[in-house]
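Student: Below are the C-alpha cells for one structure; questions will follow.
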Amino acid sequence: MPLALCATGGFAAATEVETGLSRVEAIKAVERLQYAYGYYQNRFLFAEPPTLFSTDHPEVHYDGGVWVGTSGVKRLWQRHFPRVFGTDGKGPRAGVMFDQPVFQPVIDIAPDGTTAKARFQTIGRYGVYGKEEQWIGGVFENDYVKEAGVWKIKVMRYCTSWSAPYNRGWKNAEAFGLPWADFSGAGHPDRVEKNACPRAYPDGGLMAFHFVHPVTGKPVTIEGKSR
Amino acid sequence: MSLRLALHGSLAMILLTLPAQARQPSADMTERRIKALLDGNEIERLYSIYGYQQDKSLFVENIDLFADKGAAAVFQNAEYRGKDGLARFWFGHWAHLTHNAFVPVDGLMNDHLLFQPVVTVSPDGNSARLRGHGRGYITSYQGKIREGQSTDGFTDKVVNADGVQQSAGPLGLVQDYIYEHRFVKEDGAWKLQRWTLCIYTTGKYGRGYADLPIPGTMGNGADARHGDRRAIDMENERPERPHTLYPENPVGPDKVLSSEETGCFIAKNQVMARSAVVPFSFVNPVTGKAVTWRNR
C-alpha cells in the first residue's frame, strides 16, 4: 500500500491514506468501547453501560433475553442486572463477583466507515462469597455505529458458551442455571428467544461468525456439516 | 493481536511516504493522528513485553523499561520511588521468590496473561496512561523453588491452634490483577514511568475466589469457622509482606498509600470483601465524563 502511494501520489493517495487511517482509528475506538464496557460491567457500575449504546433502536441479546430500544437497555442495567446480582446497581457489591475480562477482538469496519461488527471472547467467573463459584466462558458478537463522530454499541449479543463449577472443573461440567437468565422478575426482557444462543457445553454449538474466512473469503458455518 | 504487529510498520510507511499534496491543508492533522495510533500501539507493546519478561523472572530487563525521571512502582499500595526504589522492590520482593536469580528458575510458575488494554495518550503526546486486566497462574513445583536451595516457595501455611505457622505443601494460586500504568516519552522513546498493580482476587487454584474459610490455610486460623473468611480478609489488610518503610527496612517502600484512594484493598479477595474500584485513567468513551466510585 505505501509503495502504491509513492507511485500514484497526489489527491488519490491522500484519500487512500485518509481511508486507511480512519479505519485503524475506528478499529481502536471499537476495541476501547468494548474494553471500557468490560471494566464497568465487572464492577457493577451499571449507570455506565447504557451510555455506551446508540439511542437509535439499540438492542441487547443476553443469553436469550432480548431488551429492545433505549428503554430496554436501561431496564436491563437499572432493573434486571441489579436484581439478579443483588446490587443497588450503583457499584460493586462485596461478596458477589461477575468478572469477565474481554479479549481476542476481531473487528471489522464497514466500507462506508459508519458501522462495525466485532467478536470478543471472555472467560470470567461468577461467584457468591462462601457459597459458589462458576467459570463462565462466553462470546460477544456485537454491532456498532458511529454517530456524530463517536462509536457506540448498536446491538450487543452475548452468549455463554460453557460454564462449570470452579472447584470441580469442566471435565463433566453440568449446565449451570445462569442467574442472569432468570427472565421472570423486575427488568425482564421484551422477549425471550430460547434458541438465540447456541446450546452451551456439553452440547456442541457455534455462535455465528460475523466475518468471512480471512484467506478463502468465504463464510464459515456449521450448517449442513455432518456432526 | 495482528493489528498490534502490523500497525507500526504500515503506518510508519504511510507517514514516510505521504505525498507532497497530502501534506497541504490537513497534513499536520493527519500526521498527528498517525502518531497517536503509533504511540498507543507502542504503549500496548510495552505493557505486553513487561508481562512476558515478568513471567520469566527477567527483573533487570523490567527495571530497564522505566524512565529515569519519576520512576515509581506501586504494588498493593506500597510505593517504591526512583530507580533505587524499583531495585529494592524487584530484587527485594520478586527476586525473593527466585532466590536472587534474575532468570527463569526450575520449579517456579509465575505466568501472567495480560489483556484489555485501554490507552489514553496525553494531548501533547508526551505521556500516557494504560489500564489493563491480568490473570495469573502461579505455583512452585512441590512447594519448592530450586531444588536443594530452599523449600520456601509457594507453600500453603497452616496456622495451628497455638498460632504457629507451618508449611502445608504446595500452593497453586490463581489471581486477577488491575494495572494502572503511566508512561512517558523520554529521549524519543516510550518508557514506563509509574507502574501500579493491584491484586484484587487471589485464591487457591483448586478452590477459587469464593471459597469457604479453610481452617489453618491461606492465613486463616486453625479455629476459622464457616463464614469467617470475609472478616479475616478485612482484618488482614496489609501489603503482602508487612512493610516497614525504607530506609529502616533496606528493601522497604518509600510510602504506603491509602486503600480508599487507590481502590486496592489488601484483602485476599478484595472483590469478595470490599466494594472497591481501582480509579479509571480513562473517561467514559461516549459521554466523555469521568467514572468515579467512592471506595469503602
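In the C-alpha cells, the first chain shown is A, the next is B, and so on; residue numbers restart at 1 for each chain, and ligands run from 1 in the order shown.
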Tell me as JSON, numbers by chain which residues belonging to chain A come within 8 Å of chain B, counting only C-alpha atoms.

Tutor: {"A": [2, 3, 5, 6, 9, 10, 11, 13, 14, 17, 18, 21, 25, 32, 33, 35, 36, 43, 48, 51, 52, 91, 92, 93, 94, 95, 96, 97, 101, 102, 103, 104, 105, 127, 128, 129, 130, 131, 132, 133, 150, 151, 152, 166, 167]}

Student: Give the strand (DSSP E or B) residues of range 65-94 of chain A, as assigned by DSSP on the backbone, as an NGL selection string.

Tutor: :A and (65-68)

Student: Near Phe98 in chain A, within 6 Å and counting only C-alpha atoms, which residues show up once chain neighbours fewer than 2 positions away are dropped, as number ranges by chain?

Tutor: A: 42, 125-126

Student: Return the single residue from A:Gly20, A:Gly204, A:Pro198, A:Gly65 that is closest to Met156 in chain A, with distances computed using only C-alpha atoms.

Tutor: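 Using only C-alpha atoms, Met156 in chain A sits closest to A:Gly65.
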
Student: What's the separation between CA of Trp135 in chain A and CA of Ala175 in chain A, in Å to one decimal place?

Tutor: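 These two atoms are separated by 11.4 Å.
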
Student: So which one's closest to Asp106 in chain B, B:Gly172, B:Tyr52, B:Ser57, B:Tyr47? Using only C-alpha atoms, please.

Tutor: B:Ser57

Student: Go through A:Tyr201, A:Phe53, A:Phe81, A:Tyr158 one by one, measure the shortest atom-to-atom distance of each to Arg119 in chain A using only C-alpha atoms, and give the residue with the smallest value.

Tutor: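 Among A:Tyr201, A:Phe53, A:Phe81, A:Tyr158, it is A:Tyr158 that comes nearest to Arg119 in chain A.
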
Student: Which residue is closest to Val251 in chain B? Choose from B:Arg88, B:His112, B:Lys191, B:Arg182 and count only C-alpha atoms.

Tutor: B:Arg88

Student: Go ahead and compute the interatomic distance for CA of Asn142 in chain A and CA of Gly89 in chain A, in Å to one decimal.

Tutor: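 Separation between CA of Asn142 in chain A and CA of Gly89 in chain A: 23.4 Å.
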
Student: Set the distance at 10 Å and use only C-alpha atoms: which residues neighbour Arg157 in chain A once local chain neighbours fewer than 4 positions away are removed? I'd like the list as a compact mmCIF listing (two decimals) with C-alpha atoms, in the first residue's frame.

Tutor:
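Saved the output as selection16.txt:
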```txt
# COMPACT_ATOMS: atom_id res chain seq x y z
CA GLU A 59 -30.78 -3.92 21.39
CA VAL A 60 -29.18 -6.31 23.83
CA HIS A 61 -29.42 -10.05 23.32
CA TYR A 62 -28.07 -11.59 26.51
CA ASP A 63 -28.21 -15.37 26.84
CA GLY A 64 -31.63 -15.47 25.19
CA GLY A 65 -33.18 -12.38 26.75
CA VAL A 66 -33.79 -9.53 24.31
CA ARG A 119 -16.37 -10.58 18.11
CA VAL A 139 -18.62 -14.83 23.28
CA PHE A 140 -19.76 -11.38 22.20
CA GLU A 141 -20.86 -10.68 18.61
CA ASN A 142 -21.75 -7.01 18.58
CA ASP A 143 -22.78 -4.34 16.09
CA ALA A 196 -30.93 -17.43 20.03
CA CYS A 197 -27.74 -18.77 21.56
CA MET A 207 -22.07 -18.57 17.76
```

Student: How would you write, as a PyMOL selection string, the set of residues in range 6-170 of chain A that DSSP gives as helix (DSSP H, G or I)?

Tutor: chain A and resi 6-8+10-42+49-52+69-85

Student: So that I can check the surroundings of Val84 in chain A, please list as a PDB file with N, CA and C atoms, in the first residue's frame every protein, DNA and RNA residue that reaches within 10 Å of it, counting only C-alpha atoms and ignoring chain neighbours fewer than 2 positions away.

Tutor:
```pdb
ATOM      1  N   ARG A  79     -32.637  -2.455  36.246  1.00  0.00           N
ATOM      2  CA  ARG A  79     -33.526  -3.352  36.986  1.00  0.00           C
ATOM      3  C   ARG A  79     -33.052  -4.813  36.962  1.00  0.00           C
ATOM      4  N   HIS A  80     -32.795  -5.322  35.744  1.00  0.00           N
ATOM      5  CA  HIS A  80     -32.531  -6.761  35.627  1.00  0.00           C
ATOM      6  C   HIS A  80     -31.203  -7.153  36.296  1.00  0.00           C
ATOM      7  N   PHE A  81     -30.109  -6.542  35.861  1.00  0.00           N
ATOM      8  CA  PHE A  81     -28.814  -6.923  36.449  1.00  0.00           C
ATOM      9  C   PHE A  81     -28.762  -6.648  37.956  1.00  0.00           C
ATOM     10  N   PRO A  82     -29.240  -5.485  38.423  1.00  0.00           N
ATOM     11  CA  PRO A  82     -29.258  -5.290  39.884  1.00  0.00           C
ATOM     12  C   PRO A  82     -30.050  -6.382  40.612  1.00  0.00           C
ATOM     13  N   GLY A  86     -28.198  -8.890  42.953  1.00  0.00           N
ATOM     14  CA  GLY A  86     -28.474  -8.411  44.303  1.00  0.00           C
ATOM     15  C   GLY A  86     -27.734  -7.132  44.651  1.00  0.00           C
ATOM     16  N   THR A  87     -27.565  -6.237  43.667  1.00  0.00           N
ATOM     17  CA  THR A  87     -26.879  -4.971  43.935  1.00  0.00           C
ATOM     18  C   THR A  87     -27.877  -3.830  43.878  1.00  0.00           C
ATOM     19  N   LEU A 178     -27.812 -20.110  34.904  1.00  0.00           N
ATOM     20  CA  LEU A 178     -27.252 -18.759  34.866  1.00  0.00           C
ATOM     21  C   LEU A 178     -28.203 -17.790  35.575  1.00  0.00           C
ATOM     22  N   PRO A 179     -27.740 -17.130  36.640  1.00  0.00           N
ATOM     23  CA  PRO A 179     -28.655 -16.254  37.392  1.00  0.00           C
ATOM     24  C   PRO A 179     -29.248 -15.152  36.522  1.00  0.00           C
ATOM     25  N   TRP A 180     -28.463 -14.670  35.536  1.00  0.00           N
ATOM     26  CA  TRP A 180     -28.941 -13.567  34.700  1.00  0.00           C
ATOM     27  C   TRP A 180     -29.906 -14.046  33.619  1.00  0.00           C
ATOM     28  N   ALA A 181     -30.091 -15.376  33.515  1.00  0.00           N
ATOM     29  CA  ALA A 181     -31.077 -15.889  32.559  1.00  0.00           C
ATOM     30  C   ALA A 181     -32.413 -16.176  33.260  1.00  0.00           C
ATOM     31  N   ASP A 182     -32.582 -15.612  34.453  1.00  0.00           N
ATOM     32  CA  ASP A 182     -33.897 -15.630  35.105  1.00  0.00           C
ATOM     33  C   ASP A 182     -34.651 -14.394  34.593  1.00  0.00           C
ATOM     34  N   PHE A 183     -35.531 -14.642  33.629  1.00  0.00           N
ATOM     35  CA  PHE A 183     -36.160 -13.537  32.914  1.00  0.00           C
ATOM     36  C   PHE A 183     -37.546 -13.185  33.438  1.00  0.00           C
ATOM     37  N   GLY A 185     -38.496 -11.754  36.516  1.00  0.00           N
ATOM     38  CA  GLY A 185     -38.721 -10.715  37.514  1.00  0.00           C
ATOM     39  C   GLY A 185     -38.597  -9.302  36.966  1.00  0.00           C
ATOM     40  N   ALA A 186     -38.329  -8.365  37.879  1.00  0.00           N
ATOM     41  CA  ALA A 186     -38.203  -6.956  37.505  1.00  0.00           C
ATOM     42  C   ALA A 186     -37.098  -6.789  36.469  1.00  0.00           C
ATOM     43  N   GLY A 187     -37.364  -5.914  35.508  1.00  0.00           N
ATOM     44  CA  GLY A 187     -36.375  -5.648  34.470  1.00  0.00           C
ATOM     45  C   GLY A 187     -36.346  -6.705  33.389  1.00  0.00           C
TER      46      GLY A 187
END
```

Student: For CA of Ala95 in chain B and CA of Lys56 in chain B, determine how far apart the two atoms are, in Å to one decimal place.

Tutor: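 One can read the CA of Ala95 in chain B to CA of Lys56 in chain B distance as 11.3 Å.
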